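Below: the structure, in structure tokens.
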Amino acid sequence: MNVTALSEIEQARFNMVEQQIRPWEVLDFRVLQALFEVQRERYVPAPMQGLAFSDTELPLIINSVDTREVMLTPKVEARLAQELQLKPTDCILEIGTGSGYQAALLSKLAQQVVSIEVDSRLAAFAQENLQRNQIDNVSVEVGDAHAGWGTTEYDAILLTGSVPAVPDALKYQLCIGGRLVAVVGHNPIMTACRITRTSAASFETVRLFDTVIKPLRGVATSHFKF
């Protein structure tokens, strides 16, 4: 790639990938390609667009209303996408749509994405972003899916907020061989994990990396201490 010939915005995108995301062990060619194809700045609320490629979480303020949700940092979004180990034929359940950017990334790596958002304002914002960017294999639905969504089994499930523990109901929505990626734990100690369904009643868990993200909306967090 001839970096000197890039526009200012493409230079910023290139720098995001090379300086933030690759050093975070995101090396999968398909994921890197998706990061260049999906224009992150088009999913960021207008007042924040100048920070679209920065290594920081961005508040999702929609029409001057603070939803109290954020876009995750680019490196975390990319790493979560990579750790799902997606195939082009996979169908994905995403819990927590946010701006729609993570779903758009996943849409480039799989066949179909069903994304559930508990906040109707964010769901509408994400749907608008996806439609404007001609992403037609993502379905956005409104509801609370932290403990499961319907009875369909999926090849992959992604939780975009942290949980104290992964509910069994979500694990059983995986196909055999399906992967669920979630950030598990309590602030300040959280770990991204991949849970693979190895048989009808068996699961294998791999710890991936440490990070801290906001809790998934709808998840009750206990503050009780012994």
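Identifiers in the structure tokens: chain A, B, ... in order shown; residue index from 1 per chain; ligand index from 1 in order shown.
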
Contact residues around Val212 in chain A with only C-alpha atoms at 7 Å, ignoring same-chain residues under 5 positions, as a PyMOL selection string: chain A and resi 187-188+190

Hey, could you make a per-residue contact list for range 18-80 of chain A against range 182-185 of chain A with 12 Å as the cut-off, showing the nearest pair of atoms and its distance in Å to one decimal, counting only C-alpha atoms, sorted by chain and number, as CSV?
residue,atom,partner,partner_atom,distance
A:Val76,CA,A:Val183,CA,10.5
A:Glu77,CA,A:Ala182,CA,11.7
A:Arg79,CA,A:Ala182,CA,11.4
A:Leu80,CA,A:Ala182,CA,8.2

DSSP strand (DSSP E) residues within range 2-144 of chain A, listed as an MDAnalysis selection string: chainID A and resid 58:62 65:71 91:95 112:117 138:142

Per residue of range 95-130 of chain A within 12 Å of range 35-40 of chain A, what are the shortest atom pair and its distance in Å to one decimal, counting only C-alpha atoms, with rows by chain and residue number, as a tab-separated table?
residue	atom	partner	partner_atom	distance
A:Ser99	CA	A:Arg40	CA	9.9
A:Gly100	CA	A:Arg40	CA	9.8
A:Tyr101	CA	A:Arg40	CA	6.6
A:Gln102	CA	A:Arg40	CA	9.3
A:Ala103	CA	A:Val38	CA	10.2
A:Ala104	CA	A:Val38	CA	6.8
A:Leu105	CA	A:Val38	CA	6.4
A:Leu106	CA	A:Val38	CA	10.0
A:Ser107	CA	A:Val38	CA	9.7
A:Lys108	CA	A:Val38	CA	8.4
A:Leu109	CA	A:Leu35	CA	10.8
A:Asn129	CA	A:Arg40	CA	10.3
A:Leu130	CA	A:Val38	CA	10.3

Residue contacts of Val26 in chain A (9 Å, only C-alpha atoms) excluding same-chain residues fewer than 3 positions away, as a list in words: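 Counting only the stated atoms, we get Val17, Ile21, Arg22, Pro23, Phe29, Val31, Leu32, Lys75, Ala78, Arg79 and Gln82 of chain A.
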
Can those selected residues be exported to a file as a compact mmCIF listing (two decimals), in the first residue's frame so that it contains N, CA, C and O atoms?
# COMPACT_ATOMS: atom_id res chain seq x y z
N VAL A 17 -5.17 0.85 12.12
CA VAL A 17 -4.92 -0.58 11.95
C VAL A 17 -3.48 -0.94 12.31
O VAL A 17 -3.23 -1.90 13.05
N ILE A 21 -4.24 -1.77 16.18
CA ILE A 21 -4.91 -3.06 16.06
C ILE A 21 -3.94 -4.20 15.81
O ILE A 21 -4.01 -5.24 16.49
N ARG A 22 -3.02 -4.07 14.88
CA ARG A 22 -2.03 -5.13 14.67
C ARG A 22 -1.22 -5.43 15.93
O ARG A 22 -1.00 -6.61 16.25
N PRO A 23 -0.76 -4.41 16.68
CA PRO A 23 -0.01 -4.71 17.91
C PRO A 23 -0.84 -5.47 18.95
O PRO A 23 -0.27 -6.03 19.89
N PHE A 29 -6.18 -11.95 8.07
CA PHE A 29 -6.30 -11.13 6.87
C PHE A 29 -7.73 -10.65 6.64
O PHE A 29 -7.96 -9.48 6.28
N VAL A 31 -10.14 -10.14 8.80
CA VAL A 31 -10.51 -9.10 9.77
C VAL A 31 -9.86 -7.78 9.39
O VAL A 31 -10.51 -6.72 9.41
N LEU A 32 -8.59 -7.81 9.03
CA LEU A 32 -7.89 -6.58 8.64
C LEU A 32 -8.55 -5.96 7.41
O LEU A 32 -8.72 -4.73 7.33
N LYS A 75 -9.32 -1.48 18.79
CA LYS A 75 -8.54 -2.71 18.96
C LYS A 75 -9.37 -3.81 19.63
O LYS A 75 -9.23 -4.99 19.30
N ALA A 78 -11.90 -5.15 17.00
CA ALA A 78 -11.22 -6.01 16.02
C ALA A 78 -10.85 -7.35 16.63
O ALA A 78 -11.01 -8.41 16.01
N ARG A 79 -10.34 -7.32 17.86
CA ARG A 79 -9.91 -8.57 18.51
C ARG A 79 -11.11 -9.47 18.79
O ARG A 79 -11.04 -10.70 18.61
N GLN A 82 -12.04 -11.14 15.59
CA GLN A 82 -11.08 -12.19 15.23
C GLN A 82 -11.29 -13.45 16.07
O GLN A 82 -11.23 -14.57 15.56

Å distance separating CA of Ser120 in chain A from CA of Ser162 in chain A, one decimal place: 20.0 Å

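Looking only at range 154-208 of chain A, the set that DSSP places in alpha helix (DSSP H) from backbone geometry is Asp168, Ala169, Leu170 and Lys171 of chain A.
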
Go ahead and save the picked residues with all heavy atoms, as a PDB file, in the first residue's frame.
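Writing the result to result10.pdb gives the following:
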ATOM      1  N   ASP A 168     -26.094 -19.971  31.006  1.00  0.00           N
ATOM      2  CA  ASP A 168     -26.171 -21.254  30.312  1.00  0.00           C
ATOM      3  C   ASP A 168     -27.080 -21.178  29.090  1.00  0.00           C
ATOM      4  O   ASP A 168     -26.822 -21.824  28.072  1.00  0.00           O
ATOM      5  CB  ASP A 168     -26.687 -22.336  31.261  1.00  0.00           C
ATOM      6  CG  ASP A 168     -25.626 -22.772  32.271  1.00  0.00           C
ATOM      7  OD1 ASP A 168     -24.432 -22.497  32.025  1.00  0.00           O
ATOM      8  OD2 ASP A 168     -25.993 -23.373  33.286  1.00  0.00           O
ATOM      9  N   ALA A 169     -28.158 -20.386  29.191  1.00  0.00           N
ATOM     10  CA  ALA A 169     -29.099 -20.286  28.073  1.00  0.00           C
ATOM     11  C   ALA A 169     -28.403 -19.817  26.801  1.00  0.00           C
ATOM     12  O   ALA A 169     -28.739 -20.265  25.693  1.00  0.00           O
ATOM     13  CB  ALA A 169     -30.240 -19.334  28.431  1.00  0.00           C
ATOM     14  N   LEU A 170     -27.427 -18.928  26.944  1.00  0.00           N
ATOM     15  CA  LEU A 170     -26.692 -18.451  25.766  1.00  0.00           C
ATOM     16  C   LEU A 170     -25.768 -19.533  25.220  1.00  0.00           C
ATOM     17  O   LEU A 170     -25.645 -19.697  24.003  1.00  0.00           O
ATOM     18  CB  LEU A 170     -25.878 -17.199  26.122  1.00  0.00           C
ATOM     19  CG  LEU A 170     -26.642 -15.876  26.121  1.00  0.00           C
ATOM     20  CD1 LEU A 170     -25.729 -14.738  26.567  1.00  0.00           C
ATOM     21  CD2 LEU A 170     -27.209 -15.578  24.737  1.00  0.00           C
ATOM     22  N   LYS A 171     -25.126 -20.260  26.114  1.00  0.00           N
ATOM     23  CA  LYS A 171     -24.244 -21.334  25.660  1.00  0.00           C
ATOM     24  C   LYS A 171     -25.015 -22.351  24.819  1.00  0.00           C
ATOM     25  O   LYS A 171     -24.515 -22.850  23.808  1.00  0.00           O
ATOM     26  CB  LYS A 171     -23.596 -22.046  26.861  1.00  0.00           C
ATOM     27  CG  LYS A 171     -22.691 -21.180  27.713  1.00  0.00           C
ATOM     28  CD  LYS A 171     -22.146 -22.013  28.869  1.00  0.00           C
ATOM     29  CE  LYS A 171     -21.374 -21.185  29.857  1.00  0.00           C
ATOM     30  NZ  LYS A 171     -20.882 -22.002  30.987  1.00  0.00           N
TER      31      LYS A 171
END

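Here the question is which of A:Glu18, A:Glu204, A:Asp210, A:Glu94 gets nearest to Gly161 in chain A using only C-alpha atoms, and that residue is A:Glu94.
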
Proximity check range 24-125 of chain A to range 136-152 of chain A, 9 Å, nearest pairs one decimal Å, only C-alpha atoms, as JSON lines:
{"residue": "A:Leu93", "atom": "CA", "partner": "A:Trp149", "partner_atom": "CA", "distance": 8.7}
{"residue": "A:Ile95", "atom": "CA", "partner": "A:Ala145", "partner_atom": "CA", "distance": 6.3}
{"residue": "A:Gly96", "atom": "CA", "partner": "A:Ala145", "partner_atom": "CA", "distance": 8.3}
{"residue": "A:Thr97", "atom": "CA", "partner": "A:Val140", "partner_atom": "CA", "distance": 7.5}
{"residue": "A:Gly100", "atom": "CA", "partner": "A:Val140", "partner_atom": "CA", "distance": 8.7}
{"residue": "A:Ala103", "atom": "CA", "partner": "A:Val138", "partner_atom": "CA", "distance": 6.9}
{"residue": "A:Ala104", "atom": "CA", "partner": "A:Val138", "partner_atom": "CA", "distance": 7.4}
{"residue": "A:Leu106", "atom": "CA", "partner": "A:Val138", "partner_atom": "CA", "distance": 8.9}
{"residue": "A:Ser107", "atom": "CA", "partner": "A:Asn137", "partner_atom": "CA", "distance": 6.3}
{"residue": "A:Ala110", "atom": "CA", "partner": "A:Asn137", "partner_atom": "CA", "distance": 8.9}
{"residue": "A:Gln111", "atom": "CA", "partner": "A:Asn137", "partner_atom": "CA", "distance": 6.9}
{"residue": "A:Gln112", "atom": "CA", "partner": "A:Asn137", "partner_atom": "CA", "distance": 5.2}
{"residue": "A:Val113", "atom": "CA", "partner": "A:Val138", "partner_atom": "CA", "distance": 4.7}
{"residue": "A:Val114", "atom": "CA", "partner": "A:Ser139", "partner_atom": "CA", "distance": 4.9}
{"residue": "A:Ser115", "atom": "CA", "partner": "A:Val140", "partner_atom": "CA", "distance": 4.9}
{"residue": "A:Ile116", "atom": "CA", "partner": "A:Glu141", "partner_atom": "CA", "distance": 4.9}
{"residue": "A:Glu117", "atom": "CA", "partner": "A:Val142", "partner_atom": "CA", "distance": 5.0}
{"residue": "A:Val118", "atom": "CA", "partner": "A:Gly143", "partner_atom": "CA", "distance": 4.5}
{"residue": "A:Asp119", "atom": "CA", "partner": "A:Val142", "partner_atom": "CA", "distance": 7.0}
{"residue": "A:Ser120", "atom": "CA", "partner": "A:Val142", "partner_atom": "CA", "distance": 6.1}
{"residue": "A:Ala123", "atom": "CA", "partner": "A:Val142", "partner_atom": "CA", "distance": 6.5}
{"residue": "A:Ala124", "atom": "CA", "partner": "A:Val140", "partner_atom": "CA", "distance": 8.5}

Writer output for current selection, all heavy atoms, as a short mmCIF file (atom, residue, chain, number, x, y, z; two decimals), in the first residue's frame:
data_model
loop_
_atom_site.label_atom_id
_atom_site.label_comp_id
_atom_site.auth_asym_id
_atom_site.auth_seq_id
_atom_site.Cartn_x
_atom_site.Cartn_y
_atom_site.Cartn_z
N LEU A 93 -25.16 -14.31 16.31
CA LEU A 93 -26.02 -13.53 17.21
C LEU A 93 -25.12 -12.54 17.95
O LEU A 93 -24.18 -12.95 18.63
CB LEU A 93 -26.73 -14.45 18.22
CG LEU A 93 -27.57 -13.74 19.30
CD1 LEU A 93 -28.75 -12.99 18.69
CD2 LEU A 93 -28.05 -14.75 20.35
N ILE A 95 -25.18 -9.52 20.79
CA ILE A 95 -26.00 -8.96 21.86
C ILE A 95 -25.40 -7.63 22.27
O ILE A 95 -24.30 -7.57 22.85
CB ILE A 95 -26.08 -9.94 23.04
CG1 ILE A 95 -26.68 -11.26 22.56
CG2 ILE A 95 -26.93 -9.35 24.17
CD1 ILE A 95 -26.69 -12.35 23.60
N GLY A 96 -26.12 -6.56 21.94
CA GLY A 96 -25.64 -5.20 22.16
C GLY A 96 -25.17 -4.58 20.85
O GLY A 96 -24.01 -4.67 20.49
N THR A 97 -26.09 -3.94 20.13
CA THR A 97 -25.80 -3.43 18.79
C THR A 97 -24.99 -2.14 18.83
O THR A 97 -24.12 -1.92 17.97
CB THR A 97 -27.11 -3.17 18.00
OG1 THR A 97 -27.98 -4.28 18.16
CG2 THR A 97 -26.83 -2.93 16.54
N GLY A 100 -23.81 -0.04 15.61
CA GLY A 100 -23.90 -0.90 14.43
C GLY A 100 -22.55 -1.21 13.81
O GLY A 100 -22.47 -2.03 12.89
N ALA A 103 -21.37 -4.89 14.28
CA ALA A 103 -22.19 -5.74 13.42
C ALA A 103 -21.76 -5.62 11.96
O ALA A 103 -21.74 -6.62 11.22
CB ALA A 103 -23.67 -5.38 13.56
N ALA A 104 -21.40 -4.42 11.53
CA ALA A 104 -20.94 -4.21 10.16
C ALA A 104 -19.64 -4.96 9.90
O ALA A 104 -19.46 -5.58 8.84
CB ALA A 104 -20.77 -2.72 9.88
N LEU A 106 -18.67 -7.68 11.48
CA LEU A 106 -19.03 -9.10 11.45
C LEU A 106 -19.70 -9.48 10.13
O LEU A 106 -19.53 -10.59 9.63
CB LEU A 106 -19.94 -9.44 12.63
CG LEU A 106 -19.37 -9.21 14.03
CD1 LEU A 106 -20.43 -9.53 15.08
CD2 LEU A 106 -18.11 -10.02 14.27
N SER A 107 -20.45 -8.53 9.57
CA SER A 107 -21.18 -8.81 8.33
C SER A 107 -20.24 -9.11 7.16
O SER A 107 -20.64 -9.78 6.20
CB SER A 107 -22.07 -7.62 7.96
OG SER A 107 -21.33 -6.56 7.36
N ALA A 110 -19.08 -13.08 7.80
CA ALA A 110 -20.05 -14.16 7.95
C ALA A 110 -21.22 -13.96 7.00
O ALA A 110 -21.30 -12.96 6.28
CB ALA A 110 -20.54 -14.22 9.39
N GLN A 111 -22.14 -14.91 7.03
CA GLN A 111 -23.28 -14.85 6.12
C GLN A 111 -24.39 -13.95 6.63
O GLN A 111 -24.99 -13.20 5.87
CB GLN A 111 -23.83 -16.27 5.91
CG GLN A 111 -25.02 -16.35 4.96
CD GLN A 111 -25.41 -17.79 4.69
OE1 GLN A 111 -24.58 -18.65 4.44
NE2 GLN A 111 -26.71 -18.07 4.75
N GLN A 112 -24.69 -14.04 7.94
CA GLN A 112 -25.83 -13.32 8.50
C GLN A 112 -25.53 -12.93 9.94
O GLN A 112 -24.94 -13.72 10.69
CB GLN A 112 -27.10 -14.19 8.44
CG GLN A 112 -28.35 -13.51 8.97
CD GLN A 112 -28.85 -12.40 8.05
OE1 GLN A 112 -28.73 -12.51 6.84
NE2 GLN A 112 -29.39 -11.34 8.63
N VAL A 113 -25.95 -11.72 10.32
CA VAL A 113 -25.82 -11.25 11.70
C VAL A 113 -27.19 -10.84 12.21
O VAL A 113 -27.89 -10.04 11.56
CB VAL A 113 -24.86 -10.04 11.80
CG1 VAL A 113 -24.72 -9.60 13.27
CG2 VAL A 113 -23.50 -10.36 11.20
N VAL A 114 -27.59 -11.40 13.35
CA VAL A 114 -28.78 -10.95 14.05
C VAL A 114 -28.30 -10.20 15.28
O VAL A 114 -27.63 -10.78 16.14
CB VAL A 114 -29.69 -12.13 14.47
CG1 VAL A 114 -30.89 -11.64 15.27
CG2 VAL A 114 -30.15 -12.90 13.24
N SER A 115 -28.59 -8.90 15.34
CA SER A 115 -28.06 -8.07 16.42
C SER A 115 -29.21 -7.55 17.28
O SER A 115 -30.18 -6.98 16.76
CB SER A 115 -27.26 -6.90 15.83
OG SER A 115 -26.61 -6.18 16.85
N ILE A 116 -29.10 -7.74 18.58
CA ILE A 116 -30.17 -7.38 19.51
C ILE A 116 -29.72 -6.19 20.37
O ILE A 116 -28.64 -6.23 20.97
CB ILE A 116 -30.54 -8.56 20.44
CG1 ILE A 116 -30.66 -9.87 19.64
CG2 ILE A 116 -31.81 -8.23 21.21
CD1 ILE A 116 -31.69 -9.86 18.56
N GLU A 117 -30.55 -5.15 20.43
CA GLU A 117 -30.23 -3.94 21.20
C GLU A 117 -31.40 -3.61 22.13
O GLU A 117 -32.54 -3.51 21.68
CB GLU A 117 -29.95 -2.78 20.24
CG GLU A 117 -29.75 -1.43 20.91
CD GLU A 117 -28.67 -1.45 22.00
OE1 GLU A 117 -27.53 -1.81 21.69
OE2 GLU A 117 -29.00 -1.11 23.16
N VAL A 118 -31.10 -3.45 23.41
CA VAL A 118 -32.16 -3.21 24.39
C VAL A 118 -32.67 -1.77 24.33
O VAL A 118 -33.82 -1.49 24.69
CB VAL A 118 -31.66 -3.56 25.81
CG1 VAL A 118 -30.64 -2.55 26.31
CG2 VAL A 118 -32.81 -3.71 26.79
N ASP A 119 -31.86 -0.83 23.84
CA ASP A 119 -32.22 0.59 23.77
C ASP A 119 -32.75 0.90 22.37
O ASP A 119 -32.00 0.84 21.39
CB ASP A 119 -30.99 1.45 24.08
CG ASP A 119 -31.31 2.93 24.20
OD1 ASP A 119 -32.15 3.43 23.43
OD2 ASP A 119 -30.69 3.61 25.05
N SER A 120 -34.02 1.25 22.27
CA SER A 120 -34.64 1.46 20.96
C SER A 120 -34.01 2.63 20.21
O SER A 120 -33.96 2.63 18.97
CB SER A 120 -36.15 1.68 21.11
OG SER A 120 -36.41 2.80 21.92
N ALA A 123 -30.92 1.20 18.66
CA ALA A 123 -31.30 0.28 17.59
C ALA A 123 -31.63 1.06 16.32
O ALA A 123 -31.22 0.68 15.21
CB ALA A 123 -32.49 -0.57 18.03
N ALA A 124 -32.36 2.16 16.47
CA ALA A 124 -32.72 2.98 15.31
C ALA A 124 -31.48 3.63 14.70
O ALA A 124 -31.34 3.71 13.47
CB ALA A 124 -33.74 4.04 15.73
#

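When only C-alpha atoms are used to compute distances to Ile189 in chain A, the closest of the residues A:Thr67, A:Asn133, A:Thr160, A:Thr211 turns out to be A:Thr211.
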
Point-to-point distance from CA of Phe209 in chain A to CA of Thr191 in chain A, Å rounded to tenths: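 The value is 5.7 Å.
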
Interatomic distance, CA of Arg194 in chain A to CA of Ala34 in chain A (Å, one decimal):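 Distance between the two atoms: 21.1 Å.
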